[in-house]
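Novice: Here it is, the structure in full.
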Amino acid sequence: MRLLITAGPTREHIDPVRFLSNCSTGKMGFAIAEAAIAAGHEVELIAGPVSIKPPAKANYTPVVSACDMLAAVMKYLPIVDAVIMTAAVADWRPAEQAQDKLKKHTMEPVIKLVPNPDILSEIKKVKTNQLVIGFAAETRNALEYAKDKLERKGLDMIVANDVSLPGAGFAVDTNIVSFVTQKNIEHLPLMSKQEIGCEIIRRLEEMSR
Ligand code: C5P
């Protein structure tokens with residue numbers, strides 16, 4: 001299969017040197033990309049700004065903002081069999097991005113935000129027969145929100161995790177996830193992100209049969 005995997009945070013610039021972002025490091029998405037390559041799949045990897053190295057065999061497209069990521073996803077969507085949307089896309093961006101560095105004495109201490117496009121919802125509108133897997137990182141009620149997202153974003157599977165649990169979520173090498181589909185919910189124990197990557201690829205292969 002040819003897979004499109006997104007990873008990392010997005011960065012929403014306020015001016016050339018300041019931005020809004022989140023704690024995602026890209027580890028989970030890169031681990032899935034590695035597992036996919038090891039299983040013999042081709043990988044289009046699109047990631048926001050991260051400080052880790054992408055797998056050598058991935059076709060890597062670095063991006064900055066959510067709008068950049070949406071454009072890159074739409075470019076590759078027609079040529080892939082499945083999408084795994086691991087990226088922690090920023091929900092909002094500044095309404096205006098200043099061309100020059102803002103000066104503290106002249107700017108108002110208020111930043112007006114506008115919503116970013118929801119990439120999965122945009123995929124849902126135009127996709128043909130691609131399988132789509134999303135992520136749901138929450139700090140509480142992870143499963144409840146995951147079921148809602150599965151429906152709303154038109155997903156085949158969602159990987160839910162409570163990022164407030166020790167050993168789970170951002171910037172650590174392990175995670176605790178549940179796989180949620182229309183038919184069932186499967187809880188996995190604490191695992192390395194590499195092992196979770198392999199499990200996700202295995203489920204994807206099963207779904208594509
Ligand atoms: O709604 P929430 O951000 O919790 O949904 C998480 C899932 O949606 C992830 O798979 C994430 O990559 C995706 N997402 C997206 N576009 C956004 C925000 C999140 O595709 N603007």
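FYI, nothing fancy with the structure tokens labels: chains A, B, ... in order, residues from 1 per chain, ligands from 1 as they appear.
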Would you give me, as a tab-separated table, each residue of chain A having an atom within 7 Å of an atom of ligand 1, along with its shortest atom pair and that distance in Å to one decimal, using only C-alpha atoms and all ligand atoms and sorting by chain and residue number?

Specialist:
```
residue	atom	partner	partner_atom_place_in_ligand_line	distance
A:Ala66	CA	ligand 1	21 (N)	6.7
A:Met85	CA	ligand 1	12 (O)	4.4
A:Thr86	CA	ligand 1	12 (O)	4.8
A:Ala87	CA	ligand 1	12 (O)	4.3
A:Ala88	CA	ligand 1	12 (O)	5.2
A:Val89	CA	ligand 1	18 (C)	4.5
A:Ala90	CA	ligand 1	21 (N)	6.0
A:Asp91	CA	ligand 1	21 (N)	5.1
A:Asn116	CA	ligand 1	21 (N)	5.5
A:Pro117	CA	ligand 1	21 (N)	5.1
A:Asp118	CA	ligand 1	21 (N)	3.5
A:Ile119	CA	ligand 1	20 (O)	3.6
A:Leu120	CA	ligand 1	20 (O)	3.9
A:Ser121	CA	ligand 1	20 (O)	6.8
A:Gly134	CA	ligand 1	10 (O)	3.5
A:Phe135	CA	ligand 1	10 (O)	3.7
A:Ala136	CA	ligand 1	6 (C)	4.6
A:Ala137	CA	ligand 1	4 (O)	6.1
A:Lys149	CA	ligand 1	5 (O)	6.8
```

Novice: Could those selected residues go to a file with C-alpha atoms, as a compact mmCIF listing (two decimals), in the first residue's frame?

Specialist:
```txt
# COMPACT_ATOMS: atom_id res chain seq x y z
CA ALA A 66 -2.11 23.83 9.32
CA MET A 85 -3.53 11.60 10.59
CA THR A 86 -1.25 11.65 13.64
CA ALA A 87 -0.39 15.36 13.48
CA ALA A 88 -1.47 17.62 16.33
CA VAL A 89 -2.90 20.30 14.06
CA ALA A 90 -3.39 23.68 15.76
CA ASP A 91 -7.09 24.48 15.99
CA ASN A 116 -7.93 26.47 11.06
CA PRO A 117 -9.42 24.07 8.52
CA ASP A 118 -10.08 20.59 9.92
CA ILE A 119 -7.92 18.46 7.62
CA LEU A 120 -9.79 15.19 8.30
CA SER A 121 -13.13 16.85 7.51
CA GLY A 134 -7.38 9.61 13.03
CA PHE A 135 -6.03 10.27 16.50
CA ALA A 136 -7.79 11.65 19.56
CA ALA A 137 -5.53 13.04 22.26
CA LYS A 149 -14.87 12.09 16.18
```

Novice: Just list the residues in range 28-199 of chain A DSSP gives alpha helix (DSSP H) on the backbone, as JSON, numbers by chain.

Specialist: {"A": [28, 29, 30, 31, 32, 33, 34, 35, 36, 37, 38, 66, 67, 68, 69, 70, 71, 72, 73, 74, 75, 76, 119, 120, 121, 122, 123, 124, 125, 126, 142, 143, 144, 145, 146, 147, 148, 149, 150, 151, 152, 193, 194, 195, 196, 197, 198, 199]}

Novice: Near Ala171 in chain A, counting only C-alpha atoms, which residues have an atom at most 10 Å away, once you skip same-chain residues fewer than 2 positions from it, shown as an MDAnalysis selection string?

Specialist: chainID A and resid 23:28 167:169 173:175

Novice: Compile the contact shell of Lys112 in chain A as a VMD selection string: residues with an atom at most 9 Å away, counting only C-alpha atoms, same-chain residues fewer than 2 positions apart removed.

Specialist: chain A and resid 93 to 96 110 114

Novice: How would the residues just picked look written out with N, CA, C and O atoms as a PDB file, in the first residue's frame?

Specialist:
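Listing of result_30.pdb after writing:
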```
ATOM      1  N   ARG A  93      -5.417  29.892  14.264  1.00  0.00           N
ATOM      2  CA  ARG A  93      -4.240  30.643  13.823  1.00  0.00           C
ATOM      3  C   ARG A  93      -4.542  32.126  13.997  1.00  0.00           C
ATOM      4  O   ARG A  93      -5.730  32.518  13.980  1.00  0.00           O
ATOM      5  N   PRO A  94      -3.505  32.957  14.128  1.00  0.00           N
ATOM      6  CA  PRO A  94      -3.750  34.391  14.238  1.00  0.00           C
ATOM      7  C   PRO A  94      -4.451  34.894  12.972  1.00  0.00           C
ATOM      8  O   PRO A  94      -4.100  34.470  11.858  1.00  0.00           O
ATOM      9  N   ALA A  95      -5.418  35.780  13.130  1.00  0.00           N
ATOM     10  CA  ALA A  95      -6.166  36.312  11.980  1.00  0.00           C
ATOM     11  C   ALA A  95      -5.217  37.034  11.033  1.00  0.00           C
ATOM     12  O   ALA A  95      -5.411  37.019   9.824  1.00  0.00           O
ATOM     13  N   GLU A  96      -4.201  37.666  11.600  1.00  0.00           N
ATOM     14  CA  GLU A  96      -3.213  38.347  10.762  1.00  0.00           C
ATOM     15  C   GLU A  96      -1.819  37.918  11.169  1.00  0.00           C
ATOM     16  O   GLU A  96      -1.549  37.730  12.352  1.00  0.00           O
ATOM     17  N   VAL A 110      -3.434  41.828  22.501  1.00  0.00           N
ATOM     18  CA  VAL A 110      -4.540  40.921  22.174  1.00  0.00           C
ATOM     19  C   VAL A 110      -4.268  40.338  20.796  1.00  0.00           C
ATOM     20  O   VAL A 110      -3.913  41.067  19.876  1.00  0.00           O
ATOM     21  N   VAL A 114      -8.457  32.957  14.291  1.00  0.00           N
ATOM     22  CA  VAL A 114      -9.505  32.404  13.415  1.00  0.00           C
ATOM     23  C   VAL A 114      -9.307  30.879  13.367  1.00  0.00           C
ATOM     24  O   VAL A 114      -8.178  30.398  13.539  1.00  0.00           O
TER      25      VAL A 114
END
```

Novice: Pick from A:Phe19, A:Phe170, A:Phe30, A:Phe179: nearest to Leu45 in chain A, with only C-alpha atoms counted?

Specialist: A:Phe30

Novice: Applying 12 Å and only C-alpha atoms, which residues near Leu204 in chain A remain after dropping the ones on its own chain fewer than 6 positions away? List them as number ranges by chain.

Specialist: A: 1-3, 32, 35-36, 39, 41, 81-84, 130-134, 156-159, 179, 181, 197-198

Novice: Could you take the residues named above and write them with N, CA and C atoms, as a CSV table (one decimal), in the first residue's frame?

Specialist:
```
chain,number,residue,atom,x,y,z
A,1,MET,N,0.8,-1.2,0.0
A,1,MET,CA,0.0,0.0,0.0
A,1,MET,C,0.9,1.2,0.0
A,2,ARG,N,0.3,2.3,-0.5
A,2,ARG,CA,1.0,3.6,-0.3
A,2,ARG,C,0.2,4.4,0.8
A,3,LEU,N,0.9,4.8,1.8
A,3,LEU,CA,0.3,5.5,2.9
A,3,LEU,C,0.7,6.9,3.1
A,32,ILE,N,5.1,5.3,13.4
A,32,ILE,CA,4.1,4.6,12.5
A,32,ILE,C,4.7,4.5,11.1
A,35,ALA,N,7.2,1.7,11.0
A,35,ALA,CA,6.6,0.4,11.0
A,35,ALA,C,6.0,0.1,9.6
A,36,ALA,N,5.4,1.1,9.0
A,36,ALA,CA,4.8,0.9,7.6
A,36,ALA,C,5.9,0.6,6.6
A,39,ALA,N,7.1,-2.9,7.1
A,39,ALA,CA,6.1,-3.9,6.6
A,39,ALA,C,6.0,-3.9,5.0
A,41,HIS,N,5.5,-1.1,3.0
A,41,HIS,CA,4.6,-0.1,2.4
A,41,HIS,C,5.4,1.2,2.0
A,81,ASP,N,-3.5,4.9,-0.6
A,81,ASP,CA,-4.5,4.0,-0.3
A,81,ASP,C,-5.1,4.2,1.1
A,82,ALA,N,-4.3,4.9,1.9
A,82,ALA,CA,-4.8,5.2,3.3
A,82,ALA,C,-4.1,6.4,3.9
A,83,VAL,N,-4.8,7.0,4.8
A,83,VAL,CA,-4.2,8.2,5.5
A,83,VAL,C,-4.2,7.9,7.0
A,84,ILE,N,-3.1,8.2,7.6
A,84,ILE,CA,-3.0,8.1,9.1
A,84,ILE,C,-2.7,9.5,9.6
A,130,GLN,N,-10.0,5.7,0.0
A,130,GLN,CA,-8.9,5.6,1.0
A,130,GLN,C,-9.5,5.2,2.4
A,131,LEU,N,-8.7,4.4,3.1
A,131,LEU,CA,-9.0,4.2,4.5
A,131,LEU,C,-8.4,5.4,5.3
A,132,VAL,N,-9.1,5.8,6.3
A,132,VAL,CA,-8.6,6.9,7.1
A,132,VAL,C,-8.6,6.6,8.6
A,133,ILE,N,-7.4,6.9,9.2
A,133,ILE,CA,-7.3,6.7,10.6
A,133,ILE,C,-6.9,8.0,11.2
A,134,GLY,N,-7.7,8.4,12.3
A,134,GLY,CA,-7.4,9.6,13.0
A,134,GLY,C,-6.9,9.3,14.4
A,156,ASP,N,-12.4,5.4,9.6
A,156,ASP,CA,-12.5,4.0,9.7
A,156,ASP,C,-12.0,3.5,11.0
A,157,MET,N,-11.1,4.2,11.6
A,157,MET,CA,-10.6,3.9,13.0
A,157,MET,C,-10.0,5.1,13.6
A,158,ILE,N,-10.2,5.2,14.9
A,158,ILE,CA,-9.5,6.3,15.7
A,158,ILE,C,-8.7,5.7,16.8
A,159,VAL,N,-7.5,6.3,17.0
A,159,VAL,CA,-6.6,5.9,18.0
A,159,VAL,C,-6.7,6.9,19.1
A,179,PHE,N,-8.0,1.4,20.3
A,179,PHE,CA,-8.5,1.5,18.9
A,179,PHE,C,-10.0,1.5,18.9
A,181,THR,N,-13.4,1.5,16.5
A,181,THR,CA,-14.0,1.5,15.2
A,181,THR,C,-15.5,1.5,15.4
A,197,GLY,N,3.0,1.6,16.6
A,197,GLY,CA,3.0,1.8,15.2
A,197,GLY,C,2.8,0.5,14.4
A,198,CYS,N,3.4,-0.6,14.9
A,198,CYS,CA,3.2,-1.9,14.2
A,198,CYS,C,1.8,-2.4,14.3
```

Novice: Residues at most 12 Å from Asn59 in chain A, counting only C-alpha atoms, excluding those fewer than 4 positions away in the same chain, as a PDB file with C-alpha atoms, in the first residue's frame?

Specialist:
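Generated file (around.pdb):
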```
ATOM      1  CA  ARG A   2       0.975   3.619  -0.323  1.00  0.00           C
ATOM      2  CA  LEU A   3       0.281   5.488   2.922  1.00  0.00           C
ATOM      3  CA  LEU A   4       0.025   9.158   3.775  1.00  0.00           C
ATOM      4  CA  ILE A   5       1.081   9.806   7.365  1.00  0.00           C
ATOM      5  CA  THR A   6       1.034  13.222   9.064  1.00  0.00           C
ATOM      6  CA  PHE A  30       7.448   8.817  12.740  1.00  0.00           C
ATOM      7  CA  ALA A  33       6.006   5.595   9.313  1.00  0.00           C
ATOM      8  CA  GLU A  34       8.915   3.340  10.334  1.00  0.00           C
ATOM      9  CA  ILE A  37       8.165   0.985   5.774  1.00  0.00           C
ATOM     10  CA  HIS A  41       4.601  -0.058   2.368  1.00  0.00           C
ATOM     11  CA  GLU A  42       5.477   3.210   0.648  1.00  0.00           C
ATOM     12  CA  VAL A  43       5.154   6.264   2.889  1.00  0.00           C
ATOM     13  CA  GLU A  44       4.399   9.901   2.133  1.00  0.00           C
ATOM     14  CA  LEU A  45       5.289  11.575   5.439  1.00  0.00           C
ATOM     15  CA  ILE A  46       4.091  15.143   6.023  1.00  0.00           C
ATOM     16  CA  ALA A  47       5.253  16.742   9.273  1.00  0.00           C
ATOM     17  CA  PRO A  54      12.345  11.177   9.463  1.00  0.00           C
ATOM     18  CA  PRO A  55      12.861   7.543   8.399  1.00  0.00           C
ATOM     19  CA  TYR A  76      -0.911  13.382  -2.057  1.00  0.00           C
TER      20      TYR A  76
END
```

Novice: Just how far from CA of Pro115 in chain A is CA of Ala31 in chain A, in Å to one decimal?

Specialist: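 The value is 29.0 Å.
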
Novice: Write out as an NGL selection string the set of residues from chain A that DSSP, computed on the backbone, places in strand (DSSP E).

Specialist: :A and (2-7 or 12-15 or 18-20 or 42-47 or 59-62 or 82-85 or 92-94 or 113-115 or 131-138 or 157-162 or 174-175 or 177-180 or 185-187 or 191-192)

Novice: In Å, how far is it from CA of Lys75 in chain A to CA of Glu199 in chain A?

Specialist: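 Distance reported for this atom pair: 27.2 Å.
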